[in-house]
>>> print(open('data_18.csv').read())   # CSV, C-alpha atoms
chain,number,residue,atom,x,y,z
A,1,MET,CA,40.9,20.3,-71.7
A,2,LYS,CA,38.5,22.2,-69.5
A,3,ARG,CA,38.8,23.9,-66.2
A,4,PHE,CA,36.5,22.9,-63.3
A,5,ALA,CA,34.5,25.9,-62.1
A,6,THR,CA,34.6,24.9,-58.4
A,7,GLY,CA,38.4,25.1,-57.6
A,8,LEU,CA,38.9,28.0,-55.2
A,9,SER,CA,42.5,27.3,-54.1
A,10,HIS,CA,44.2,25.7,-57.1
A,11,PHE,CA,43.6,25.5,-60.8
A,12,VAL,CA,41.9,22.2,-61.6
A,13,PHE,CA,41.5,20.9,-65.1
A,14,GLU,CA,39.9,17.8,-66.7
A,15,VAL,CA,42.4,16.7,-69.4
A,16,THR,CA,41.5,14.2,-72.2
A,17,THR,CA,44.4,12.6,-74.0
A,18,THR,CA,44.4,11.7,-77.7
A,19,TYR,CA,43.8,8.1,-76.6
A,20,GLY,CA,40.7,9.0,-74.8
A,21,MET,CA,42.1,8.7,-71.2
A,22,ILE,CA,40.7,11.3,-68.8
A,23,TYR,CA,42.7,12.8,-65.9
A,24,VAL,CA,42.3,15.5,-63.3
A,25,VAL,CA,45.3,17.9,-63.1
A,26,ARG,CA,45.7,20.3,-60.1
A,27,ILE,CA,48.1,23.1,-60.5
A,28,ALA,CA,49.1,25.5,-57.7
A,29,PHE,CA,50.7,28.9,-57.6
A,30,PRO,CA,54.3,28.6,-56.4
A,31,ALA,CA,53.3,30.5,-53.2
A,32,ARG,CA,50.8,27.7,-52.5
A,33,LYS,CA,53.1,24.8,-52.9
A,34,GLY,CA,52.7,24.0,-49.3
A,35,GLU,CA,49.0,23.7,-49.6
A,36,LEU,CA,49.2,21.3,-52.5
A,37,GLU,CA,51.8,19.2,-50.7
A,38,ALA,CA,49.6,19.1,-47.6
A,39,GLY,CA,46.8,17.8,-49.8
A,40,LEU,CA,49.1,15.1,-51.2
A,41,TYR,CA,50.2,14.1,-47.7
A,42,TRP,CA,46.6,13.6,-46.5
A,43,HIS,CA,45.6,11.9,-49.8
A,44,ARG,CA,48.3,9.3,-49.3
A,45,LEU,CA,47.5,8.8,-45.6
A,46,LEU,CA,43.8,8.5,-46.1
A,47,ALA,CA,44.2,6.0,-48.9
A,48,THR,CA,45.9,3.7,-46.4
A,49,ILE,CA,42.8,3.5,-44.3
A,50,GLY,CA,40.5,2.7,-47.2
A,51,LEU,CA,38.8,6.0,-48.2
A,52,PRO,CA,37.4,5.9,-51.7
A,53,LEU,CA,39.9,8.3,-53.3
A,54,PRO,CA,40.9,8.7,-56.9
A,55,ALA,CA,44.3,7.2,-57.8
A,56,LEU,CA,47.2,9.6,-57.6
A,57,TYR,CA,49.3,9.1,-60.7
A,58,GLN,CA,52.0,11.7,-60.7
A,59,THR,CA,53.3,14.8,-58.9
A,60,GLY,CA,56.0,17.3,-59.8
A,61,VAL,CA,56.8,20.9,-60.6
A,62,MET,CA,56.7,22.6,-64.0
A,63,ARG,CA,57.8,26.2,-64.6
A,64,ALA,CA,57.8,26.7,-60.8
A,65,HIS,CA,54.2,25.5,-60.5
A,66,PRO,CA,53.6,22.4,-58.5
A,67,PHE,CA,51.1,19.9,-59.9
A,68,ALA,CA,49.4,16.6,-59.3
A,69,ILE,CA,47.6,14.3,-61.7
A,70,TYR,CA,44.7,12.1,-60.5
A,71,GLU,CA,42.2,9.6,-61.8
A,72,ARG,CA,39.0,11.2,-63.1
A,73,LEU,CA,36.2,9.6,-61.1
A,74,PRO,CA,33.0,9.1,-63.0
A,75,GLY,CA,30.1,11.4,-62.1
A,76,ASP,CA,29.8,15.0,-60.8
A,77,ASP,CA,30.0,16.8,-57.5
A,78,LEU,CA,27.1,16.4,-55.1
A,79,GLU,CA,26.7,20.1,-54.8
A,80,ALA,CA,26.1,20.5,-58.6
A,81,LEU,CA,23.6,17.5,-58.7
A,82,TYR,CA,21.8,18.2,-55.4
A,83,SER,CA,18.6,19.8,-56.8
A,84,THR,CA,18.1,16.8,-59.1
A,85,LEU,CA,18.3,14.1,-56.6
A,86,THR,CA,15.4,12.3,-54.9
A,87,SER,CA,15.1,12.2,-51.1
A,88,ARG,CA,15.9,8.5,-51.1
A,89,THR,CA,19.2,9.1,-53.0
A,90,LYS,CA,20.1,12.0,-50.7
A,91,GLN,CA,19.6,9.7,-47.7
A,92,HIS,CA,21.8,7.0,-49.2
A,93,ILE,CA,24.5,9.4,-50.0
A,94,ALA,CA,24.3,11.0,-46.5
A,95,HIS,CA,24.8,7.6,-44.9
A,96,THR,CA,27.8,6.8,-47.2
A,97,VAL,CA,29.4,10.2,-46.4
A,98,ALA,CA,28.8,9.7,-42.7
A,99,ASN,CA,30.6,6.3,-42.9
A,100,ILE,CA,33.5,7.9,-44.8
A,101,GLN,CA,33.9,10.6,-42.1
A,102,LYS,CA,33.7,7.9,-39.4
A,103,LYS,CA,36.5,6.0,-41.2
A,104,ALA,CA,38.6,9.2,-41.2
A,105,ARG,CA,38.6,9.0,-37.4
A,106,LEU,CA,41.0,6.1,-37.7
A,107,LEU,CA,43.8,8.6,-38.2
A,108,ASP,CA,45.2,9.1,-34.7
A,109,LYS,CA,46.7,12.4,-33.5
A,110,SER,CA,50.2,11.3,-34.4
A,111,ALA,CA,49.3,11.9,-38.1
A,112,PHE,CA,48.9,15.6,-37.4
A,113,PRO,CA,52.1,17.6,-37.8
A,114,LYS,CA,51.5,19.5,-34.5
A,115,THR,CA,49.3,19.3,-31.4
A,116,PRO,CA,45.8,20.6,-32.2
A,117,PRO,CA,44.8,23.6,-30.0
A,118,ALA,CA,41.7,23.4,-27.9
A,119,TRP,CA,38.5,23.3,-29.9
A,120,GLN,CA,37.1,26.6,-28.7
A,121,THR,CA,40.4,28.3,-29.6
A,122,ILE,CA,40.0,27.1,-33.1
A,123,LEU,CA,36.5,28.5,-33.3
A,124,GLU,CA,37.6,31.8,-31.9
A,125,ILE,CA,40.3,32.0,-34.6
A,126,ILE,CA,37.7,31.5,-37.3
A,127,VAL,CA,35.5,34.2,-35.7
A,128,ARG,CA,38.4,36.7,-35.5
A,129,ARG,CA,39.3,36.1,-39.1
A,130,SER,CA,35.7,36.6,-40.2
A,131,GLU,CA,35.5,39.8,-38.2
A,132,ARG,CA,38.6,41.3,-39.9
A,133,GLU,CA,37.2,40.4,-43.3
A,134,ILE,CA,33.7,41.7,-42.6
A,135,LEU,CA,35.1,45.0,-41.3
A,136,ARG,CA,37.3,45.3,-44.4
A,137,ALA,CA,34.6,44.5,-46.9
A,138,ALA,CA,32.0,46.7,-45.1
A,139,GLN,CA,29.0,44.9,-46.6
A,140,PHE,CA,27.5,43.5,-43.5
A,141,ASP,CA,26.8,44.7,-39.9
A,142,PRO,CA,29.7,43.3,-37.7
A,143,VAL,CA,27.1,42.8,-34.9
A,144,TYR,CA,26.6,39.3,-36.3
A,145,VAL,CA,30.1,38.5,-35.3
A,146,ALA,CA,29.3,39.6,-31.8
A,147,TYR,CA,26.3,37.3,-31.7
A,148,VAL,CA,28.4,34.3,-32.8
A,149,ARG,CA,31.1,35.1,-30.3
A,150,GLU,CA,28.6,35.2,-27.5
A,151,LEU,CA,27.1,31.9,-28.6
A,152,ILE,CA,30.6,30.3,-28.5
A,153,HIS,CA,31.1,31.5,-25.0
A,154,ARG,CA,27.6,30.3,-24.0
A,155,TYR,CA,28.3,26.8,-25.1
A,156,ALA,CA,31.9,26.7,-23.8
A,157,GLY,CA,31.0,23.7,-21.6
A,158,TYR,CA,30.2,21.6,-24.7
A,159,PHE,CA,33.4,22.6,-26.5
A,160,GLU,CA,35.5,21.6,-23.4
A,161,THR,CA,34.2,18.0,-23.9
A,162,ILE,CA,35.5,17.8,-27.4
A,163,GLU,CA,38.3,15.2,-27.9
A,164,PRO,CA,40.3,15.9,-31.0
A,165,VAL,CA,39.3,13.3,-33.6
A,166,ALA,CA,40.1,13.5,-37.3
A,167,PHE,CA,37.5,14.6,-39.8
A,168,LEU,CA,37.5,15.9,-43.3
A,169,TYR,CA,36.8,19.6,-43.0
A,170,ASP,CA,35.2,20.2,-46.4
A,171,LEU,CA,33.6,16.8,-47.1
A,172,ASN,CA,29.9,17.3,-46.9
A,173,VAL,CA,27.8,18.5,-49.8
A,174,ARG,CA,31.1,19.4,-51.5
A,175,ASN,CA,33.9,17.1,-52.7
A,176,VAL,CA,31.5,14.1,-52.9
A,177,ILE,CA,31.4,12.6,-56.5
A,178,VAL,CA,28.1,11.1,-57.3
A,179,HIS,CA,27.6,8.6,-60.2
A,180,GLN,CA,24.4,6.8,-60.9
A,181,GLU,CA,22.8,8.0,-57.6
A,182,ALA,CA,25.7,6.6,-55.5
A,183,VAL,CA,29.0,7.9,-54.1
A,184,ALA,CA,31.8,7.1,-56.6
A,185,GLY,CA,34.5,8.6,-54.3
A,186,VAL,CA,35.6,11.7,-52.6
A,187,ILE,CA,38.1,14.3,-53.7
A,188,ASP,CA,40.1,17.3,-52.5
A,189,VAL,CA,41.0,15.9,-49.1
A,190,ASP,CA,43.4,18.7,-48.5
A,191,GLU,CA,42.3,19.6,-45.0
A,192,VAL,CA,42.1,17.1,-42.2
A,193,TRP,CA,41.1,18.8,-38.9
A,194,TYR,CA,41.2,17.4,-35.4
A,195,GLY,CA,38.2,18.4,-33.2
A,196,ASP,CA,34.4,18.2,-33.5
A,197,PRO,CA,33.4,16.3,-36.7
A,198,LEU,CA,30.0,18.1,-36.6
A,199,LEU,CA,31.7,21.2,-38.0
A,200,SER,CA,31.8,19.6,-41.4
A,201,ILE,CA,28.1,18.9,-41.2
A,202,GLY,CA,27.3,22.4,-40.1
A,203,ARG,CA,29.5,23.7,-43.0
A,204,GLY,CA,27.5,21.6,-45.4
A,205,LYS,CA,24.2,23.0,-44.0
A,206,SER,CA,25.4,26.5,-44.5
A,207,LEU,CA,26.2,25.8,-48.2
A,208,LEU,CA,22.8,24.3,-48.8
A,209,LEU,CA,20.9,27.1,-47.0
A,210,THR,CA,22.7,29.9,-48.8
A,211,ALA,CA,22.0,28.1,-52.1
A,212,GLN,CA,18.3,28.0,-51.2
A,213,GLN,CA,18.3,24.3,-51.2
A,214,LYS,CA,16.5,22.0,-48.8
A,215,SER,CA,18.8,20.7,-46.1
A,216,ASP,CA,17.1,17.2,-45.9
A,217,TYR,CA,20.5,15.7,-46.7
A,218,ILE,CA,21.9,17.1,-43.5
A,219,ASP,CA,18.8,15.8,-41.6
A,220,TYR,CA,19.4,12.3,-42.9
A,221,TRP,CA,23.1,12.5,-41.9
A,222,CYS,CA,22.3,13.7,-38.4
A,223,SER,CA,19.6,11.1,-37.9
A,224,TYR,CA,21.9,8.3,-39.1
A,225,ILE,CA,24.6,9.1,-36.6
A,226,GLY,CA,22.1,9.6,-33.8
A,227,LEU,CA,22.9,13.2,-32.7
A,228,SER,CA,21.6,14.5,-29.4
A,229,ASP,CA,19.6,17.7,-29.1
A,230,MET,CA,22.7,19.5,-28.0
A,231,GLN,CA,24.7,18.2,-31.0
A,232,LEU,CA,21.9,19.2,-33.3
A,233,LYS,CA,22.2,22.7,-31.9
A,234,MET,CA,25.9,22.6,-32.5
A,235,VAL,CA,25.3,21.8,-36.2
A,236,ASP,CA,23.3,24.9,-36.4
A,237,LEU,CA,25.9,26.9,-34.6
A,238,TYR,CA,28.6,25.7,-37.0
A,239,ALA,CA,26.3,26.5,-39.9
A,240,LEU,CA,26.0,30.0,-38.5
A,241,LEU,CA,29.8,30.2,-38.1
A,242,TYR,CA,30.3,29.6,-41.8
A,243,CYS,CA,27.6,31.9,-42.9
A,244,ILE,CA,29.6,34.6,-41.0
A,245,ARG,CA,32.7,33.4,-42.9
A,246,PHE,CA,30.8,33.8,-46.2
A,247,MET,CA,30.0,37.4,-45.1
A,248,GLY,CA,33.7,38.1,-44.9
A,249,THR,CA,34.4,36.8,-48.4
A,250,SER,CA,31.3,38.3,-50.1
A,251,GLY,CA,32.2,40.1,-53.3
A,252,LEU,CA,35.5,38.2,-53.8
A,253,GLN,CA,36.3,36.1,-56.7
A,254,LEU,CA,38.5,33.3,-55.4
A,255,ASN,CA,41.1,32.0,-57.8
A,256,GLY,CA,39.2,33.3,-60.8
A,257,ASN,CA,36.2,31.0,-60.2
A,258,ASP,CA,32.7,32.1,-59.2
A,259,SER,CA,31.2,30.9,-56.0
A,260,LEU,CA,27.6,31.2,-54.9
A,261,GLN,CA,28.7,32.1,-51.3
A,262,THR,CA,31.0,34.9,-52.5
A,263,ASP,CA,28.7,36.4,-55.0
A,264,ALA,CA,27.7,39.8,-53.7
A,265,ARG,CA,24.3,39.5,-55.3
A,266,ASN,CA,23.4,36.8,-52.8
A,267,ALA,CA,24.1,39.0,-49.8
A,268,PRO,CA,20.4,39.4,-48.9
A,269,ARG,CA,19.9,35.7,-48.9
A,270,LEU,CA,23.0,35.2,-46.7
A,271,GLU,CA,21.8,37.7,-44.1
A,272,THR,CA,18.4,36.0,-44.1
A,273,VAL,CA,20.0,32.6,-43.3
A,274,VAL,CA,22.0,34.1,-40.5
A,275,GLN,CA,18.9,35.7,-38.9
A,276,GLU,CA,17.0,32.4,-39.2
A,277,LEU,CA,19.9,30.4,-37.6
A,278,LEU,CA,20.2,33.0,-34.8
A,279,GLN,CA,16.5,32.5,-34.0
A,280,VAL,CA,16.9,28.7,-33.4
A,281,LEU,CA,20.1,29.2,-31.3
>>> encode(input="data_18.csv", output="structure tokens")
Amino acid sequence: MKRFATGLSHFVFEVTTTYGMIYVVRIAFPARKGELEAGLYWHRLLATIGLPLPALYQTGVMRAHPFAIYERLPGDDLEALYSTLTSRTKQHIAHTVANIQKKARLLDKSAFPKTPPAWQTILEIIVRRSEREILRAAQFDPVYVAYVRELIHRYAGYFETIEPVAFLYDLNVRNVIVHQEAVAGVIDVDEVWYGDPLLSIGRGKSLLLTAQQKSDYIDYWCSYIGLSDMQLKMVDLYALLYCIRFMGTSGLQLNGNDSLQTDARNAPRLETVVQELLQVL
């Protein structure tokens, strides 16, 4: 048995049986039972519309800890393999992920337990949370939050046009399992959001830029779905928004696992990315 190093909300293990069968086991703290159950809800629902998900074998509670057992897809996470992939492979994966996100839109609003708030309201909630955490951590100048808040108000007209469609919030460079240079499936579909699907693309761009990786994968994705100049600007704004989120969590160790974005040693790089994104916005 080995623990995956990327699980930031739950404890995730790869378990090999004496018969050579390999499974993925997710275990949650009792206080996070609701989060695990939400992930199971979306997993089952997304499976019905044909998303390439691992099979879900069993769920339950043991010693007050809820758990779920899944199929172990062949391959590794795109984020871990990214630097080894050719441009052609990145392009192929980007197109596949774009199509998966498009399929997620088949979920209508009735699947969401409550009516989603206006899109700009959601963004402002993210900004307020980031501001609280940045002030508490005291590692970055909170003026960056003010810049992001001003940009959100500047582009309010765009946000008013957003119809709430379903998308997988954290399916971008993360949670994409790659095997033999192709997408074997997607995992950890715990968060389905209703709003602007470009947020997921921008989040992926923030992850790549802070990891000092080329963002050509994001360029292929944007080109494939034919984004306008305004939409491309929104991808950068969403990337900036999540860099601000990373500033708020800098120095934390989430769930015992290391994260490049929360490693305080990468704070200078994070600030550089924020300044570069501000220049293009």
>>> closest_residue(input="data_18.csv", among="A:Leu198, A:Leu270, A:Ala137, A:Ala64", to="Asp236 (chain A)", atoms="all atoms listed in the file")
A:Leu198
>>> residues_near_point(input="data_18.csv", point="(45.0, 18.0, -62.7)", cutoff="10 Å", atoms="all atoms listed in the file", output="PDB file with C-alpha atoms, in the coordinates of the input")
ATOM      1  CA  ARG A   3      38.800  23.900 -66.200  1.00  0.00           C
ATOM      2  CA  PHE A   4      36.500  22.900 -63.300  1.00  0.00           C
ATOM      3  CA  HIS A  10      44.200  25.700 -57.100  1.00  0.00           C
ATOM      4  CA  PHE A  11      43.600  25.500 -60.800  1.00  0.00           C
ATOM      5  CA  VAL A  12      41.900  22.200 -61.600  1.00  0.00           C
ATOM      6  CA  PHE A  13      41.500  20.900 -65.100  1.00  0.00           C
ATOM      7  CA  GLU A  14      39.900  17.800 -66.700  1.00  0.00           C
ATOM      8  CA  VAL A  15      42.400  16.700 -69.400  1.00  0.00           C
ATOM      9  CA  TYR A  23      42.700  12.800 -65.900  1.00  0.00           C
ATOM     10  CA  VAL A  24      42.300  15.500 -63.300  1.00  0.00           C
ATOM     11  CA  VAL A  25      45.300  17.900 -63.100  1.00  0.00           C
ATOM     12  CA  ARG A  26      45.700  20.300 -60.100  1.00  0.00           C
ATOM     13  CA  ILE A  27      48.100  23.100 -60.500  1.00  0.00           C
ATOM     14  CA  ALA A  28      49.100  25.500 -57.700  1.00  0.00           C
ATOM     15  CA  GLN A  58      52.000  11.700 -60.700  1.00  0.00           C
ATOM     16  CA  THR A  59      53.300  14.800 -58.900  1.00  0.00           C
ATOM     17  CA  PHE A  67      51.100  19.900 -59.900  1.00  0.00           C
ATOM     18  CA  ALA A  68      49.400  16.600 -59.300  1.00  0.00           C
ATOM     19  CA  ILE A  69      47.600  14.300 -61.700  1.00  0.00           C
ATOM     20  CA  TYR A  70      44.700  12.100 -60.500  1.00  0.00           C
ATOM     21  CA  GLU A  71      42.200   9.600 -61.800  1.00  0.00           C
ATOM     22  CA  ARG A  72      39.000  11.200 -63.100  1.00  0.00           C
TER      23      ARG A  72
END
>>> closest_residue(input="data_18.csv", among="A:Ala47, A:Ala98, A:Val192, A:Ala38", to="Gly226 (chain A)", atoms="all atoms listed in the file")
A:Ala98
>>> atom_distance(input="data_18.csv", atom1="CA of Ser130 (chain A)", atom2="CA of Gly248 (chain A)")
5.3 Å
>>> atom_distance(input="data_18.csv", atom1="CA of Ser200 (chain A)", atom2="CA of His43 (chain A)")
17.9 Å
>>> residues_around(input="data_18.csv", residues="Ile125 (chain A)", least_positions_apart="6", cutoff="12 Å", atoms="only C-alpha atoms", output="ChimeraX atom specification")
/A:117-119,131-132,149,152,241,245
>>> closest_residue(input="data_18.csv", among="A:Val183, A:Val273, A:Met21, A:Ile126", to="Gln91 (chain A)", atoms="only C-alpha atoms")
A:Val183
